[in-house]
Structures are given as structure tokens and as C-alpha cells.
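Okay, structure first, notes after.
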2 protein chains.
Amino acid sequence: MAPARKAAFLAIGSELLRSERVDTNSLVAARLLSPCGFVFVEKRVLEDDVDAIAMALRELAGRVELIVVSGGLGPTADDVTREAAARAFGRELQRDDRMLSLLRARYERNGRTMPAIAARMADAVAGAELLVNPQGTAPGQLLVEGACTVVLLPGVPIELEEIVRQHLVPRWPGSAARLVRTLRLGGTYESAVEERVAPLYGRFGRANVTILAGRGLVDLVLAAEGDDAASRLAEMEELFAVAAGADLYGRDDDTLAAVVLELLRRVGWTLATAESCTGGLVAARLTAVPGASDVFLGGVVAYANSVKERLLGVSTELLADHGAVSREVAEALATGARTLGADCGVGITGIAGPSGGTPAKSVGTVHIAVATPGGTRQLERRFPGDRTAVREFAANFALDLTRRALEEA
Amino acid sequence: MAPARKAAFLAIGSELLRSERVDTNSLVAARLLSPCGFVFVEKRVLEDDVDAIAMALRELAGRVELIVVSGGLGPTADDVTREAAARAFGRELQRDDRMLSLLRARYERNGRTMPAIAARMADAVAGAELLVNPQGTAPGQLLVEGACTVVLLPGVPIELEEIVRQHLVPRWPGSAARLVRTLRLGGTYESAVEERVAPLYGRFGRANVTILAGRGLVDLVLAAEGDDAASRLAEMEELFAVAAGADLYGRDDDTLAAVVLELLRRVGWTLATAESCTGGLVAARLTAVPGASDVFLGGVVAYANSVKERLLGVSTELLADHGAVSREVAEALATGARTLGADCGVGITGIAGPSGGTPAKSVGTVHIAVATPGGTRQLERRFPGDRTAVREFAANFALDLTRRALEEA
């Protein structure tokens, strides 16, 4: 396997520097070109400014092997990518007669006369190869500058994607430069995982491990490059899985909700939820998975105490004695969820904030219970952050507690 | 008005250079800091690499007045932004005792012991001001290097946003370089809105109007620059609001769920939900808003027919005669939701896919009903897209139908 080659992405357009719109062409370029052996080490977004673009191109060409530029190839005056590339590398712009005929023919096919200004799109950087645009008008351009290949592409997503597919991917046939495996952990925190896996860094290199934390969920992204990438990745996976222990719920594209549903099918149980502070988040996660209906019956969002009593049989006395946010009520909710006809019930109650906290029960306090034919398990946590954070922590820990109960069923 | 000052945004994280994830923190920074007089002229995304980050910081500090850096401030070994900033400007890293105590107290408040590794988050670049993080653990840092202010912020979006709001915005009081107003529309589609507002482009300039579409939600982002920005923006807002008509539900940071809850308070009604295909999404949206509990009682996620019958009184005959996905069952769900004790009930049933479609009722078919003391209104739609898209369309149209019912109550 060839070693990874460094690539950079450059998106051109003042509209990508305001607060409304983000470049997504770089995701397409990374997806299509990483199997060709390229690893993107930098992205930039620049204004429609000839000098700024030229400076960036010159600088990047000295340290990467591929620069993909998106945008600024249209016919209007603010489309300056061609001029910038010419200036960066001290080349001329030359009108390409063959491309000019193609452009004119394209306009005529659409029943229009080519406006004079459109001829600019046929201006090629000297020495560049023009890349016909199967989805639009402006052609791409490819030029080689020393050890670096510079590709200018139109910014319209579908046009960029088709040019990459048809003109670029075939140039660098399959040299999988970088293999990646993600281990997915639930019911834990980033720092706790970091402490457990840190002793393995020395062996595999710190740069080959990325920890991504979502509230109560932690992904360990493991990577290996080079000729022995496959065997090294297998070894990494084995050792990191040991360190992850019972927190490991899946790999790569597995989601916690899908894993819970699959475990239910394996055990032969159905599930129902009774949510207070998460307000339907757990049910929404489960039903986001296609086919959930064969094991998920439904649930109750029991926000008001009257709903807890009426639909789930939580007694007025229990609510009065322990308060709605208590271990006892979480267990009553989980048991109440089973009365919907399910084998397994999940109950969640807590204080998501920002108000509702007391000295004894502060904002972030959450009780979760899972009731199954084999018994009930529960946990209490105080989650950090705002209302959104507490609710997401609670939903993820609830799904994870359900997973653990099912794995031991 | 002061002239615009140049700013750059730097997002740190190898995960933002692959094909899965895109930086969105820069949108928040641009939105919050442009009223402070900053214009972002460049964005970069870099790997977790000390040298690359240090080089970019040094280069950018020479040509912009503000650099906002996002990410790489956590406790783990791949969080190298602090080291990179220290190296870029030839400064030391010094552990800050006061911040260390704050961090320790924060962990203890959440019932955990601070892991040794977390102490790194208290390492300040010499001369930097530490910015307390109200939403999370890692503090931000602000340092002045010549004419440039460099701000290091955590990559978690809500944490970054709060630090910008609390610590940065107040530093540069209002010199509005570019005024922006967003009109928010619900229960509609992008192309329908585009047709209605297109006649206004000539008057205000196409570049000053951005249409952002989410499933069933459309934002019209209106912008004005220059000395008469305020009066021009007011005129734009007036004319575009007329074009938006009854689809207009709010402005700027208004969310549809918050608008519905506020209308309930105004009318003096309570609300309950009965969701089938949306599986709890509508309840989750409503309960995401602080204070929802004073008008939202709860709901039922009625996925299995048995749950529709048992908890909401939908009759077996109705389900057999019309099918679970029908106008009649949507109305029975809405009426059933009212039996939870609410004045207003919302019922949603549909085929989210990918399976479950028939020639007569294809995937994407959704029935929504809203029952109030004044009567019942309903709509049927066939939404495009995959399971996620259909569910989000359905949730947004359901909230919007509720809004319209409440506005006319």
C-alpha cells in the first residue's frame, strides 16, 4: 500500500464566510478521494479575492500533493479563481477555442445565445487540462505545479461531485491509504475513557487515536496507515476493545438505539418507555431506526404528574412521599411502561433545568430505571450542562442501561 | 460606523477533515461577532497538530485583528491548541491555580473526582485571560499579540456560543457592519416561498436575501449594509413579511415549539400529543423549551395499535375500517390526546418508510390532526425523502398546524 499523500481543500466564496452557509463540497472531496490515497490535512475558505487565493495556493502547493479548489469558475466578475491560479504560479490565461465551441453549443442546446461574458469560462491557465463539466457549464481545470496537482472545480455541489467522479478518481486507482475503525462506547465520559486507553498510545501512536465525545457516548476512532495497516488495525481494535470493556456497545455505523432494538429481537422481548425529563427523546431515538415497530410498542411522555398517575399507575402517595424526581418514581415509571404490554420498560425522571433545582436535588439530577422480567436495575446521575445537555445525557444513559440489561438477560 | 475589522476562524480537529463532519462553530462566531464590527475573511480547518496550528496562528496574526480558534482545549492528549498558541507566540504554559480549583469544584458538584489528566485544562498561555465556561469544563483563553486578539474556545457548540456571548460580544459594543434579520416560516416549502419573494429581489438585491430550508420550515435571512442599513432592513422586513403571509411564525431566534407554547399561555390552554410515525419527536421539541411544563402535560407515543387502543381510546373498528394511517385515526389520536386532560390535542400518523408503503398509501403519506375546544382541523401530505426527512417534515407540519389553530383560537 502506498503511503498517504497530503491534500488540501480550498473553498472560494464570500458567502461561505458569513453566518448562513457552510462549505460541504469538502466532505464530498474527502469521501471520494480518500480511497485514492489522499488524506486532507487542511481546509480553507477564502473570499473572492485574487491575491488572497493566489497566496494560499502558492503556500499550500509547497507542502501538499493535491489541492482541490471549489468555486469561482463562473462567468461573472467575482469569479476570480482562474486569475488567482495563473498569478500564483506565474502562468498566463489563454482562451481555449475548443472549450469555447463546447460552451457555445451547450448554450444553444438550451435555446439560448451565449452571453459575451460567458467566454471567460474558456480561459485556461497555461498548461492546464480542461475538465468537461457533465452537469453544468463551467469546466474544471487541472494543472501540475512541481510535486503538486492543483484542481479547480465549480462550486455547485452536483457539478463538483461529477467532475471528481469522472475526471479525478480514475487517475489514482485504489490505494487505500488509511484504514479506520470506530469503537463506540456508551454510559461513560470522555475523561474516563481517555484514562483507560492512554497506556495504549505509546504502542500505536497518539495521532492514530481520536476520541469523540457526545453526551454519555464516546467514540474511539482508530486509524492505521502503511503496508501493514490491516493487521495493525486488527491489533488496535482488539486491545482498545479490552480497555473499553462493558462500555463497548458497537462499531463504526452502529447506533445505540439500533443495538438496543437488535438485542430485543435476540432476547425476544418488546420495549416501552415512560419519559419525564427527556420528554420523548428516547422514543424518538428508537423510532428513528427503520423496523423499530417490531419490538418497540410505544411510550408515554409523562410530563405532568397527572399523566404519570393516569397512564402509568404511579401512585399519588409515591409522588408525594419521594418527589417526582426520585429512584422510587423512576422504578414506578419503568414498571408502569411494562403495563403497555411490553416485556421491558424504561423510566426516566430528572431535573433538566434551568429552573426546578433545589439544594437537595440540583439541576442535572436524573434517575433512570429499567424493568424486565428478570428484575429492575437503576442508576442516579448528576449531569453537567444546560437543559439540552442534561436531556441528551439522560437519553443516552437510559438507552445504555437498557443495553446492559438486555446483554445480561 | 467604524470600518470593518478583519477576522479569521480556525477550527481544530482531524475529524473535521474527513468526510463525516463539518465545522459549524464558525457560523455562530460570524453571527455573533459581525454586529461587533468584525468581518471574517478566512476560515481554516486544521488537524490536531501543534506545528500546523502554531504556523497558521503566526501567519494569520500578521494580517487580521481577531482570530477565533475552536477546539483542542479538552483534557486529552490530542487537545493541543494551548501548546500551539504558546509556541506560536513564544510564550510559556502556566498552570492557573484558581482555574484548577474551579475545575475541581465543578467535577465535585457533579459527584465525580477530577481525573489527574483534567488539570491540563487549567494550563494558561502566559499573559492570557481565562474565560470561564458556563456550559462545560474547559475554559476559553484570550490573548493579545500585537494588533491581533487571539481567542481559544472549546469546540462543543453550546460552550463556544455561550463564551462568545458572555465574554466576547460585550468587549466590542455595537458597531453594526452588517445588520441581519431572519423571518421564520412554517408549514411550507422552499420553492413556494422563493416564488412569492422573487419579485422583491430587484428592489433589495439578490445577494441580500438568503433562503434556508429545513423540512417544512423556511428561513428568509435578510441583510443590509452601509449607513442606511437600519432603515433599509426595516423596509425589507415589512415587505417580505407581507409576502410570507400566514406562514410567518417568528423572527430571529424564535423556534416553532417556543411559539406554540407561548400561544398556549396566551390562550390559556394545555396541550398533549399522540404520535405514531414521529415517535416522540413533537413531544421532544416541545419539552426542549425551558418552562414547557406549565402548558404541556405530556403525550403518548402510540407505535403499536394496542397502545393506540389502550391509552388513547382509538377503537379497533376504526383502525380496521380505515387503517392506522388515515384521516380518521389522526383525528381519533388528537381527540384521544385530549383525554390526558389537555384542552388541545395533536395526533400524527403516517408511513415514515423505508418499508410499509402500499400503492394506495405510499411512503411519506402523513395525516395530522389538531383537536381544540373550538373543533378539529387536519391535513394530509405526502412528504419526500427518507425516514428521517418524513419524520421531521411531519413533526414540523404538526407543530405548525397547532400554531395556526392557536392563532385563530
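Residues are named by chain letter and number: chains run A, B, ... in the order of the C-alpha cells, numbers start at 1 in each chain, and ligands are numbered from 1 in the order shown.
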
Based on only C-alpha atoms, which of the residues in chain B come within 7 Å of chain A? I want them as a JSON list (two decimals) with C-alpha atoms, in the first residue's frame.
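Saved the output as out39.json:
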[["chain", "number", "residue", "atom", "x", "y", "z"],
["B", 17, "LEU", "CA", -11.18, 16.98, 7.76],
["B", 18, "ARG", "CA", -12.78, 13.65, 6.94],
["B", 19, "SER", "CA", -15.99, 13.04, 5.07],
["B", 20, "GLU", "CA", -18.39, 12.95, 8.00],
["B", 27, "LEU", "CA", -21.35, 30.26, 11.63],
["B", 28, "VAL", "CA", -22.08, 31.06, 15.28],
["B", 30, "ALA", "CA", -19.79, 35.10, 12.39],
["B", 31, "ARG", "CA", -23.37, 35.67, 13.52],
["B", 40, "PHE", "CA", -14.45, 37.07, 8.64],
["B", 41, "VAL", "CA", -12.10, 36.97, 5.66],
["B", 42, "GLU", "CA", -10.80, 33.44, 6.11],
["B", 43, "LYS", "CA", -11.64, 30.13, 7.75],
["B", 44, "ARG", "CA", -9.31, 27.21, 8.21],
["B", 45, "VAL", "CA", -9.68, 23.68, 9.49],
["B", 46, "LEU", "CA", -6.51, 22.00, 10.74],
["B", 47, "GLU", "CA", -5.54, 18.66, 12.23],
["B", 75, "PRO", "CA", -8.24, 17.22, 28.73],
["B", 76, "THR", "CA", -6.91, 14.57, 26.36],
["B", 110, "ASN", "CA", -21.32, 16.52, 39.55],
["B", 111, "GLY", "CA", -20.38, 13.88, 42.08],
["B", 135, "GLN", "CA", -21.76, 25.32, 29.86],
["B", 136, "GLY", "CA", -18.85, 22.95, 30.23],
["B", 279, "GLY", "CA", -42.37, 8.56, 17.59],
["B", 280, "GLY", "CA", -41.93, 11.30, 20.20],
["B", 281, "LEU", "CA", -40.24, 13.97, 18.07],
["B", 283, "ALA", "CA", -43.00, 15.99, 22.41],
["B", 284, "ALA", "CA", -39.19, 16.17, 22.42],
["B", 287, "THR", "CA", -40.02, 19.80, 26.06],
["B", 288, "ALA", "CA", -36.68, 21.12, 24.79],
["B", 290, "PRO", "CA", -37.45, 25.66, 29.24],
["B", 293, "SER", "CA", -44.23, 22.02, 31.74],
["B", 297, "LEU", "CA", -48.94, 17.89, 30.00],
["B", 298, "GLY", "CA", -47.33, 15.04, 28.09],
["B", 299, "GLY", "CA", -48.18, 12.60, 25.37],
["B", 300, "VAL", "CA", -48.33, 9.08, 24.09],
["B", 301, "VAL", "CA", -46.02, 7.52, 21.54],
["B", 302, "ALA", "CA", -48.59, 5.15, 20.07],
["B", 303, "TYR", "CA", -46.47, 2.97, 17.85],
["B", 304, "ALA", "CA", -48.32, -0.34, 18.22],
["B", 307, "VAL", "CA", -51.15, 1.31, 22.55],
["B", 311, "LEU", "CA", -54.13, 4.59, 26.15],
["B", 340, "LEU", "CA", -54.96, 13.13, 29.07],
["B", 354, "PRO", "CA", -38.48, 2.73, 4.11],
["B", 388, "THR", "CA", -35.61, 10.97, 8.86]]

Subject >> Selection near Asp96 in chain B, 7 Å with only C-alpha atoms, sequence-local residues under 5 positions removed, as a ChimeraX atom specification >> reply: /B:122-124

Just the selected residues (N, CA and C atoms), exported as a PDB file, in the first residue's frame, please.
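What ended up in result.pdb:
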ATOM      1  N   ALA B 122      -6.392  23.648  32.946  1.00  0.00           N
ATOM      2  CA  ALA B 122      -6.051  24.872  33.671  1.00  0.00           C
ATOM      3  C   ALA B 122      -4.706  25.454  33.235  1.00  0.00           C
ATOM      4  N   ASP B 123      -4.103  24.900  32.190  1.00  0.00           N
ATOM      5  CA  ASP B 123      -2.837  25.436  31.690  1.00  0.00           C
ATOM      6  C   ASP B 123      -3.104  26.657  30.811  1.00  0.00           C
ATOM      7  N   ALA B 124      -2.691  27.821  31.286  1.00  0.00           N
ATOM      8  CA  ALA B 124      -2.949  29.056  30.538  1.00  0.00           C
ATOM      9  C   ALA B 124      -1.717  29.474  29.762  1.00  0.00           C
TER      10      ALA B 124
END

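Across the model, the gap from CA of Thr149 in chain A to CA of Glu65 in chain A is 6.1 Å.
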
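Neighbours of Gly245 in chain B closer than or equal to 12 Å, with only C-alpha atoms counted and sequence neighbours fewer than 6 positions away skipped, come out as Leu183, Arg184, Leu185, Gly186, Gly187, Thr188, Val193, Arg196, Val197, Glu238 and Leu239 of chain B.
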
Write a file of the just-selected residues containing N, CA and C atoms, as an mmCIF file, in the first residue's frame.
data_model
loop_
_atom_site.group_PDB
_atom_site.id
_atom_site.type_symbol
_atom_site.label_atom_id
_atom_site.label_comp_id
_atom_site.auth_asym_id
_atom_site.auth_seq_id
_atom_site.Cartn_x
_atom_site.Cartn_y
_atom_site.Cartn_z
ATOM 1 N N LEU B 183 -36.653 36.078 9.011
ATOM 2 C CA LEU B 183 -38.090 35.791 9.107
ATOM 3 C C LEU B 183 -38.257 34.281 9.028
ATOM 4 N N ARG B 184 -39.045 33.723 9.960
ATOM 5 C CA ARG B 184 -39.166 32.268 10.027
ATOM 6 C C ARG B 184 -40.563 31.831 9.610
ATOM 7 N N LEU B 185 -40.610 30.909 8.640
ATOM 8 C CA LEU B 185 -41.874 30.456 8.075
ATOM 9 C C LEU B 185 -42.051 28.962 8.344
ATOM 10 N N GLY B 186 -43.293 28.541 8.575
ATOM 11 C CA GLY B 186 -43.562 27.130 8.839
ATOM 12 C C GLY B 186 -44.671 26.603 7.958
ATOM 13 N N GLY B 187 -44.764 25.261 7.842
ATOM 14 C CA GLY B 187 -45.817 24.628 7.063
ATOM 15 C C GLY B 187 -45.734 24.953 5.584
ATOM 16 N N THR B 188 -44.499 25.065 5.082
ATOM 17 C CA THR B 188 -44.351 25.423 3.666
ATOM 18 C C THR B 188 -43.053 24.837 3.124
ATOM 19 N N VAL B 193 -41.914 29.501 -1.283
ATOM 20 C CA VAL B 193 -41.505 30.782 -0.717
ATOM 21 C C VAL B 193 -40.713 31.583 -1.752
ATOM 22 N N ARG B 196 -42.828 33.417 -4.166
ATOM 23 C CA ARG B 196 -43.530 34.584 -3.643
ATOM 24 C C ARG B 196 -42.610 35.780 -3.400
ATOM 25 N N VAL B 197 -41.351 35.513 -3.023
ATOM 26 C CA VAL B 197 -40.473 36.641 -2.675
ATOM 27 C C VAL B 197 -39.613 37.116 -3.848
ATOM 28 N N GLU B 238 -40.596 44.528 6.378
ATOM 29 C CA GLU B 238 -42.022 44.796 6.188
ATOM 30 C C GLU B 238 -42.532 44.112 4.916
ATOM 31 N N LEU B 239 -41.804 44.286 3.813
ATOM 32 C CA LEU B 239 -42.303 43.764 2.541
ATOM 33 C C LEU B 239 -42.208 42.235 2.469
#

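Nearest residue to Arg203 in chain A, choosing from A:His167, A:Phe240, A:Arg109, A:Gly216 and counting only C-alpha atoms: A:Phe240.
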
**OP:** List every residue of range 253-337 of chain B that DSSP, applied to the backbone, labels as alpha helix (DSSP H), and write the result as number ranges by chain.
**Re:** B: 256-267, 281-287, 305-312, 316-322, 327-337

I need the chosen residues saved as an mmCIF file, in the first residue's frame, with C-alpha atoms.
data_model
loop_
_atom_site.group_PDB
_atom_site.id
_atom_site.type_symbol
_atom_site.label_atom_id
_atom_site.label_comp_id
_atom_site.auth_asym_id
_atom_site.auth_seq_id
_atom_site.Cartn_x
_atom_site.Cartn_y
_atom_site.Cartn_z
ATOM 1 C CA LEU B 256 -41.749 26.926 16.283
ATOM 2 C CA ALA B 257 -42.065 24.912 19.509
ATOM 3 C CA ALA B 258 -41.487 28.009 21.681
ATOM 4 C CA VAL B 259 -44.036 29.975 19.638
ATOM 5 C CA VAL B 260 -46.634 27.201 20.134
ATOM 6 C CA LEU B 261 -46.016 27.148 23.908
ATOM 7 C CA GLU B 262 -46.301 30.936 24.094
ATOM 8 C CA LEU B 263 -49.597 30.877 22.158
ATOM 9 C CA LEU B 264 -50.930 28.224 24.571
ATOM 10 C CA ARG B 265 -50.117 30.503 27.505
ATOM 11 C CA ARG B 266 -51.812 33.418 25.791
ATOM 12 C CA VAL B 267 -54.986 31.408 25.042
ATOM 13 C CA LEU B 281 -40.244 13.970 18.071
ATOM 14 C CA VAL B 282 -43.007 16.530 18.629
ATOM 15 C CA ALA B 283 -43.000 15.994 22.407
ATOM 16 C CA ALA B 284 -39.194 16.171 22.416
ATOM 17 C CA ARG B 285 -39.250 19.504 20.514
ATOM 18 C CA LEU B 286 -41.793 20.987 22.911
ATOM 19 C CA THR B 287 -40.024 19.801 26.063
ATOM 20 C CA ASN B 305 -52.078 -0.347 17.551
ATOM 21 C CA SER B 306 -52.590 -1.872 21.006
ATOM 22 C CA VAL B 307 -51.153 1.308 22.554
ATOM 23 C CA LYS B 308 -53.443 3.480 20.385
ATOM 24 C CA GLU B 309 -56.413 1.487 21.705
ATOM 25 C CA ARG B 310 -55.369 1.088 25.318
ATOM 26 C CA LEU B 311 -54.127 4.592 26.150
ATOM 27 C CA LEU B 312 -55.963 6.779 23.640
ATOM 28 C CA THR B 316 -60.394 -1.444 16.965
ATOM 29 C CA GLU B 317 -63.122 -0.912 14.364
ATOM 30 C CA LEU B 318 -61.796 2.479 13.281
ATOM 31 C CA LEU B 319 -58.296 1.015 12.859
ATOM 32 C CA ALA B 320 -59.696 -1.926 10.883
ATOM 33 C CA ASP B 321 -62.001 0.162 8.687
ATOM 34 C CA HIS B 322 -59.635 2.980 7.730
ATOM 35 C CA ARG B 327 -57.538 10.945 8.439
ATOM 36 C CA GLU B 328 -59.965 9.230 10.810
ATOM 37 C CA VAL B 329 -57.237 7.732 13.013
ATOM 38 C CA ALA B 330 -55.306 11.029 13.103
ATOM 39 C CA GLU B 331 -58.454 12.713 14.397
ATOM 40 C CA ALA B 332 -59.066 9.921 16.936
ATOM 41 C CA LEU B 333 -55.462 10.295 18.148
ATOM 42 C CA ALA B 334 -55.889 14.067 18.551
ATOM 43 C CA THR B 335 -59.156 13.559 20.427
ATOM 44 C CA GLY B 336 -57.552 10.786 22.491
ATOM 45 C CA ALA B 337 -54.671 13.105 23.449
#

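Closest approach to Asp79 in chain A among A:Pro134, A:Gly250, A:Pro173, A:Pro154: A:Pro154, based on only C-alpha atoms.
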
Subject >> Residues within 7 Å of Ala138 in chain A, only C-alpha atoms, excluding chain neighbours under 4 positions, as a PyMOL selection string >> reply: chain A and resi 73-74+121+133+154

Could you list, as a PDB file with C-alpha atoms, in the first residue's frame, every residue within 12 Å of Ala405 in chain B, counting only C-alpha atoms and ignoring same-chain residues fewer than 6 positions away?
ATOM      1  CA  ALA B 246     -49.789  33.293   7.319  1.00  0.00           C
ATOM      2  CA  VAL B 260     -46.634  27.201  20.134  1.00  0.00           C
ATOM      3  CA  LEU B 263     -49.597  30.877  22.158  1.00  0.00           C
ATOM      4  CA  LEU B 264     -50.930  28.224  24.571  1.00  0.00           C
ATOM      5  CA  VAL B 267     -54.986  31.408  25.042  1.00  0.00           C
ATOM      6  CA  TRP B 269     -54.907  26.125  27.107  1.00  0.00           C
ATOM      7  CA  CYS B 344     -55.636  20.859  22.814  1.00  0.00           C
ATOM      8  CA  GLY B 345     -54.585  17.508  21.328  1.00  0.00           C
ATOM      9  CA  VAL B 346     -52.303  16.746  18.366  1.00  0.00           C
ATOM     10  CA  ALA B 369     -54.988  16.466  13.240  1.00  0.00           C
ATOM     11  CA  VAL B 370     -55.315  19.144  15.918  1.00  0.00           C
ATOM     12  CA  ALA B 371     -58.339  18.996  18.244  1.00  0.00           C
ATOM     13  CA  THR B 372     -59.306  22.003  20.366  1.00  0.00           C
ATOM     14  CA  PRO B 373     -62.441  23.106  22.214  1.00  0.00           C
ATOM     15  CA  GLY B 374     -63.272  25.015  19.020  1.00  0.00           C
ATOM     16  CA  GLY B 375     -63.165  21.994  16.722  1.00  0.00           C
ATOM     17  CA  THR B 376     -60.724  19.857  14.765  1.00  0.00           C
ATOM     18  CA  ARG B 377     -58.508  20.730  11.806  1.00  0.00           C
ATOM     19  CA  GLN B 378     -56.481  18.270   9.813  1.00  0.00           C
ATOM     20  CA  ALA B 398     -47.783  19.177  13.156  1.00  0.00           C
ATOM     21  CA  LEU B 399     -46.299  21.976  15.265  1.00  0.00           C
TER      22      LEU B 399
END

Subject >> Contacts of Asp51 in chain B within 10 Å, only C-alpha atoms, excl. fewer than 4 positions in-chain, as a list in words >> reply: Glu47, Met55, Ala56, Leu57, Val80, Glu83, Ala84, Ala85, Arg87 and Ala88 of chain B

Subject >> Val132 in chain B surroundings by only C-alpha atoms, 8 Å radius, close-in-sequence under 6 positions cut, as an MDAnalysis selection string >> reply: chainID B and resid 139:140 163
